[in-house]
file protein04.tsv (TSV, C-alpha atoms and all ligand atoms)
chain	number	residue	atom	x	y	z
V	1	MET	CA	6.25	-3.37	-20.83
V	2	SER	CA	5.36	-6.54	-18.88
V	3	PRO	CA	2.74	-6.38	-16.17
V	4	VAL	CA	4.08	-6.04	-12.64
V	5	VAL	CA	2.38	-7.43	-9.52
V	6	VAL	CA	1.42	-4.41	-7.41
V	7	LEU	CA	-0.16	-4.49	-3.95
V	8	VAL	CA	-2.40	-1.62	-2.87
V	9	GLY	CA	-4.52	-1.06	0.23
V	10	PRO	CA	-4.81	1.07	3.33
V	11	PRO	CA	-2.18	1.28	6.06
V	12	GLY	CA	-2.37	-1.95	8.05
V	13	SER	CA	-3.53	-4.11	5.15
V	14	GLY	CA	-0.25	-6.05	5.08
V	15	LYS	CA	1.11	-4.81	1.75
V	16	SER	CA	4.82	-5.02	2.62
V	17	THR	CA	4.62	-8.38	4.39
V	18	ILE	CA	2.62	-10.02	1.62
V	19	ALA	CA	4.63	-8.42	-1.20
V	20	ALA	CA	7.82	-9.88	0.32
V	21	LEU	CA	6.23	-13.35	0.49
V	22	LEU	CA	4.92	-13.05	-3.08
V	23	ALA	CA	8.32	-11.93	-4.33
V	24	SER	CA	9.99	-15.00	-2.87
V	25	ARG	CA	7.32	-17.34	-4.30
V	26	LEU	CA	7.65	-15.73	-7.74
V	27	GLY	CA	11.47	-15.53	-7.72
V	28	LYS	CA	11.39	-11.73	-7.82
V	29	THR	CA	12.59	-8.96	-5.55
V	30	HIS	CA	10.30	-6.96	-3.28
V	31	ARG	CA	10.27	-3.23	-3.94
V	32	ASP	CA	8.38	-0.85	-1.66
V	33	THR	CA	7.84	2.64	-3.05
V	34	ASP	CA	7.79	4.21	0.46
V	35	THR	CA	11.32	2.85	0.92
V	36	ASP	CA	12.33	4.20	-2.52
V	37	VAL	CA	11.02	7.64	-1.51
V	38	GLU	CA	12.94	7.52	1.79
V	39	ASN	CA	16.13	6.53	-0.02
V	40	GLU	CA	15.67	9.31	-2.58
V	41	ALA	CA	14.95	11.95	0.09
V	42	GLY	CA	17.55	10.63	2.53
V	43	LYS	CA	15.08	10.75	5.41
V	44	PRO	CA	12.03	8.97	6.82
V	45	ILE	CA	8.57	9.71	5.38
V	46	SER	CA	7.46	11.25	8.68
V	47	ASP	CA	10.28	13.82	8.33
V	48	ILE	CA	9.33	14.56	4.70
V	49	PHE	CA	5.76	15.32	5.84
V	50	VAL	CA	6.98	17.57	8.68
V	51	ASP	CA	9.73	19.34	6.73
V	52	SER	CA	8.11	19.72	3.31
V	53	GLY	CA	4.41	18.79	3.59
V	54	GLU	CA	2.20	16.15	2.04
V	55	ALA	CA	2.26	17.62	-1.49
V	56	ALA	CA	6.05	17.29	-1.61
V	57	PHE	CA	5.78	13.69	-0.41
V	58	ARG	CA	3.13	12.91	-3.05
V	59	SER	CA	5.33	14.19	-5.84
V	60	LEU	CA	8.29	12.08	-4.65
V	61	GLU	CA	5.90	9.14	-4.35
V	62	ARG	CA	4.61	9.66	-7.89
V	63	ALA	CA	8.17	9.66	-9.29
V	64	ALA	CA	9.02	6.52	-7.30
V	65	ILE	CA	5.97	4.73	-8.70
V	66	VAL	CA	6.75	5.68	-12.32
V	67	ALA	CA	10.26	4.25	-11.87
V	68	ALA	CA	9.17	1.13	-9.98
V	69	LEU	CA	6.54	0.18	-12.58
V	70	GLN	CA	9.41	-0.26	-15.08
V	71	ASP	CA	10.99	-2.88	-12.80
V	72	GLU	CA	9.79	-6.18	-14.25
V	73	GLY	CA	11.84	-8.15	-11.72
V	74	ALA	CA	9.97	-6.77	-8.75
V	75	VAL	CA	6.75	-7.25	-6.79
V	76	LEU	CA	5.69	-3.78	-5.65
V	77	SER	CA	4.00	-2.53	-2.53
V	78	LEU	CA	2.71	1.06	-2.72
V	79	GLY	CA	1.94	3.49	0.09
V	80	GLY	CA	-1.70	3.57	1.14
V	81	GLY	CA	-2.33	6.95	-0.49
V	82	ALA	CA	-0.64	6.23	-3.83
V	83	ILE	CA	-3.97	5.66	-5.57
V	84	LEU	CA	-5.06	9.26	-4.82
V	85	ASP	CA	-3.10	10.30	-7.93
V	86	ALA	CA	-5.16	9.97	-11.12
V	87	ASP	CA	-2.05	9.45	-13.27
V	88	THR	CA	-0.95	6.61	-10.99
V	89	ARG	CA	-4.40	5.02	-11.25
V	90	ALA	CA	-4.17	5.25	-15.04
V	91	ASP	CA	-0.64	3.79	-15.05
V	92	LEU	CA	-1.79	0.85	-12.93
V	93	ALA	CA	-4.31	-0.21	-15.56
V	94	GLY	CA	-1.86	-2.48	-17.37
V	95	HIS	CA	-0.59	-4.24	-14.24
V	96	ASN	CA	-1.62	-7.07	-11.93
V	97	VAL	CA	-2.95	-4.93	-9.11
V	98	VAL	CA	-4.13	-6.67	-5.94
V	99	PHE	CA	-6.23	-4.76	-3.39
V	100	LEU	CA	-5.59	-6.06	0.11
V	101	ASP	CA	-8.86	-5.30	1.83
V	102	VAL	CA	-9.07	-5.09	5.63
V	103	SER	CA	-11.72	-4.07	8.15
V	104	LEU	CA	-11.29	-0.85	10.10
V	105	SER	CA	-10.88	-2.70	13.41
V	106	GLU	CA	-8.22	-5.04	12.02
V	107	ALA	CA	-6.32	-2.19	10.29
V	108	ALA	CA	-6.47	-0.14	13.51
V	109	LYS	CA	-4.99	-3.06	15.48
V	110	ARG	CA	-2.23	-3.64	12.95
V	111	VAL	CA	-1.11	0.01	13.00
V	112	GLY	CA	-1.14	0.18	16.81
V	113	LEU	CA	-4.55	1.85	17.24
V	114	GLY	CA	-6.23	-1.08	19.01
V	115	VAL	CA	-9.38	-0.89	21.12
V	116	ALA	CA	-7.71	0.38	24.29
V	117	ARG	CA	-7.37	4.09	25.18
V	118	PRO	CA	-10.46	5.41	23.33
V	119	LEU	CA	-9.94	8.91	24.71
V	120	LEU	CA	-6.41	9.11	23.37
V	121	LEU	CA	-6.84	7.25	20.12
V	122	GLY	CA	-10.49	7.82	19.19
V	123	ASN	CA	-9.77	10.75	16.88
V	124	VAL	CA	-6.98	8.96	15.08
V	125	ARG	CA	-9.21	5.93	14.59
V	126	THR	CA	-11.89	8.22	13.13
V	127	GLN	CA	-9.30	9.63	10.72
V	128	LEU	CA	-8.32	6.12	9.68
V	129	ARG	CA	-11.99	5.26	9.10
V	130	ASN	CA	-12.58	8.39	6.98
V	131	LEU	CA	-9.46	7.74	4.98
V	132	MET	CA	-10.40	4.08	4.34
V	133	GLU	CA	-13.96	4.96	3.32
V	134	ALA	CA	-12.84	7.72	0.95
V	135	ARG	CA	-10.21	5.56	-0.71
V	136	ARG	CA	-12.09	2.26	-1.01
V	137	PRO	CA	-13.57	3.11	-4.45
V	138	LEU	CA	-10.10	4.07	-5.71
V	139	TYR	CA	-8.54	0.78	-4.59
V	140	ALA	CA	-11.46	-1.06	-6.21
V	141	GLU	CA	-11.02	0.95	-9.42
V	142	VAL	CA	-7.39	-0.15	-9.95
V	143	ALA	CA	-7.68	-3.72	-8.63
V	144	LYS	CA	-7.73	-6.81	-10.84
V	145	LEU	CA	-8.10	-8.92	-7.70
V	146	THR	CA	-9.43	-8.05	-4.23
V	147	VAL	CA	-8.48	-10.20	-1.25
V	148	ASP	CA	-10.00	-9.94	2.22
V	149	THR	CA	-7.09	-10.13	4.67
V	150	ASP	CA	-9.02	-10.20	7.98
V	151	GLY	CA	-7.99	-13.16	10.11
V	152	ARG	CA	-5.86	-14.62	7.31
V	153	ALA	CA	-2.24	-15.72	7.65
V	154	PRO	CA	0.11	-13.86	5.28
V	155	GLU	CA	1.45	-17.15	3.80
V	156	ASP	CA	-2.12	-18.26	2.95
V	157	LEU	CA	-2.84	-14.94	1.32
V	158	ALA	CA	0.36	-15.08	-0.73
V	159	ALA	CA	-0.52	-18.61	-1.90
V	160	GLU	CA	-4.04	-17.52	-2.87
V	161	ILE	CA	-2.78	-14.49	-4.79
V	162	VAL	CA	-0.24	-16.58	-6.74
V	163	GLU	CA	-3.05	-18.93	-7.79
V	164	HIS	CA	-5.03	-16.02	-9.23
V	165	LEU	CA	-2.21	-14.27	-11.09
R	201	LIG	C1	0.19	6.97	3.55
R	201	LIG	C2	0.55	5.68	3.85
R	201	LIG	C3	1.94	5.29	4.15
R	201	LIG	C4	2.93	6.27	3.52
R	201	LIG	C5	2.59	7.68	3.89
R	201	LIG	C6	1.17	8.09	3.46
R	201	LIG	C7	-1.23	7.26	3.27
R	201	LIG	O1	2.19	3.98	3.65
R	201	LIG	O2	2.96	6.16	2.13
R	201	LIG	O3	2.73	7.81	5.28
R	201	LIG	O4	-1.56	8.33	2.74
R	201	LIG	O5	-2.07	6.37	3.55
R	201	LIG	P1	1.54	2.63	4.30
R	201	LIG	O6	0.23	2.41	3.62
R	201	LIG	O7	2.54	1.58	3.95
R	201	LIG	O8	1.42	2.87	5.76
call {"tool": "encode", "arguments": {"input": "protein04.tsv", "output": "structure tokens"}}
result
Amino acid sequence: MSPVVVLVGPPGSGKSTIAALLASRLGKTHRDTDTDVENEAGKPISDIFVDSGEAAFRSLERAAIVAALQDEGAVLSLGGGAILDADTRADLAGHNVVFLDVSLSEAAKRVGLGVARPLLLGNVRTQLRNLMEARRPLYAEVAKLTVDTDGRAPEDLAAEIVEHL
């Protein structure tokens, strides 16, 4: 099995955007496992969470990742929580995994939780912070390369990643 380029990182780290740019630079297709899960389930991820719960989503996500890692013609972007699964972390060991790092403030802006409306959005921002802090060691564990994305243009990041592959 040939190594696949796989982008991991929290929501708002730019995984999908940068994976698409990398795919075109490398002459591959871009495959996003969240999209694979939505296609398999026939509904958006938000509906899977509401209708069936997070555990059901995680098991669909796990199956999507197992399938996608066989796809040597693809650059993959994974959902932000994919690395919570120990089997997924083990499976990623043989691949070119890139951790797209991002600060909390930048991630919050990119997912629409910018600095305005602290009373409305403060709790959600705290959840994002907790989630990022808890997962950081897991992203670092699977990554062969870590790239800081704050203030960087996606094209520059894609070029830098290609150089390091
Ligand atoms: C999740 C992140 C989402 C998606 C799902 C769960 C998470 O993907 O997989 O909503 O647990 O962080 P993005 O990282 O692309 O937003």
call {"tool": "atom_distance", "arguments": {"input": "protein04.tsv", "atom1": "atom O3 of ligand LIG 201 (chain R)", "atom2": "atom CA of Ser46 of chain V"}}
result
6.8 Å
call {"tool": "atom_distance", "arguments": {"input": "protein04.tsv", "atom1": "atom CA of Ala41 of chain V", "atom2": "atom CA of Ala63 of chain V"}}
result
11.8 Å
call {"tool": "residues_around", "arguments": {"input": "protein04.tsv", "residues": "Glu40 of chain V", "least_positions_apart": "6", "cutoff": "10 Å", "atoms": "all atoms listed in the file", "output": "PyMOL selection string"}}
result
chain V and resi 34+60-61+64
call {"tool": "residues_near_point", "arguments": {"input": "protein04.tsv", "point": "(-4.6, -17.0, -6.6)", "cutoff": "12 Å", "atoms": "only C-alpha atoms", "output": "PyMOL selection string"}}
result
chain V and resi 22+96+98+144-147+156-165
call {"tool": "write_last_selection", "arguments": {"input": "protein04.tsv", "atoms": "C-alpha atoms", "output": "PDB file, keeping the file's coordinate frame"}}
result
ATOM      1  CA  LEU V  22       4.920 -13.050  -3.080  1.00  0.00           C
ATOM      2  CA  ASN V  96      -1.620  -7.070 -11.930  1.00  0.00           C
ATOM      3  CA  VAL V  98      -4.130  -6.670  -5.940  1.00  0.00           C
ATOM      4  CA  LYS V 144      -7.730  -6.810 -10.840  1.00  0.00           C
ATOM      5  CA  LEU V 145      -8.100  -8.920  -7.700  1.00  0.00           C
ATOM      6  CA  THR V 146      -9.430  -8.050  -4.230  1.00  0.00           C
ATOM      7  CA  VAL V 147      -8.480 -10.200  -1.250  1.00  0.00           C
ATOM      8  CA  ASP V 156      -2.120 -18.260   2.950  1.00  0.00           C
ATOM      9  CA  LEU V 157      -2.840 -14.940   1.320  1.00  0.00           C
ATOM     10  CA  ALA V 158       0.360 -15.080  -0.730  1.00  0.00           C
ATOM     11  CA  ALA V 159      -0.520 -18.610  -1.900  1.00  0.00           C
ATOM     12  CA  GLU V 160      -4.040 -17.520  -2.870  1.00  0.00           C
ATOM     13  CA  ILE V 161      -2.780 -14.490  -4.790  1.00  0.00           C
ATOM     14  CA  VAL V 162      -0.240 -16.580  -6.740  1.00  0.00           C
ATOM     15  CA  GLU V 163      -3.050 -18.930  -7.790  1.00  0.00           C
ATOM     16  CA  HIS V 164      -5.030 -16.020  -9.230  1.00  0.00           C
ATOM     17  CA  LEU V 165      -2.210 -14.270 -11.090  1.00  0.00           C
TER      18      LEU V 165
END
call {"tool": "atom_distance", "arguments": {"input": "protein04.tsv", "atom1": "atom C1 of ligand LIG 201 (chain R)", "atom2": "atom CA of Leu78 of chain V"}}
result
9.0 Å
call {"tool": "residues_near_ligand", "arguments": {"input": "protein04.tsv", "ligand": "ligand LIG 201 (chain R)", "cutoff": "8 Å", "atoms": "all atoms listed in the file", "output": "ChimeraX atom specification"}}
result
/V:9-13,15-16,33-34,45-46,61,77-82,131
call {"tool": "closest_residue", "arguments": {"input": "protein04.tsv", "among": "V:Val5, V:Leu120, V:Ile18, V:Ile48", "to": "Leu100 of chain V", "atoms": "only C-alpha atoms"}}
result
V:Ile18
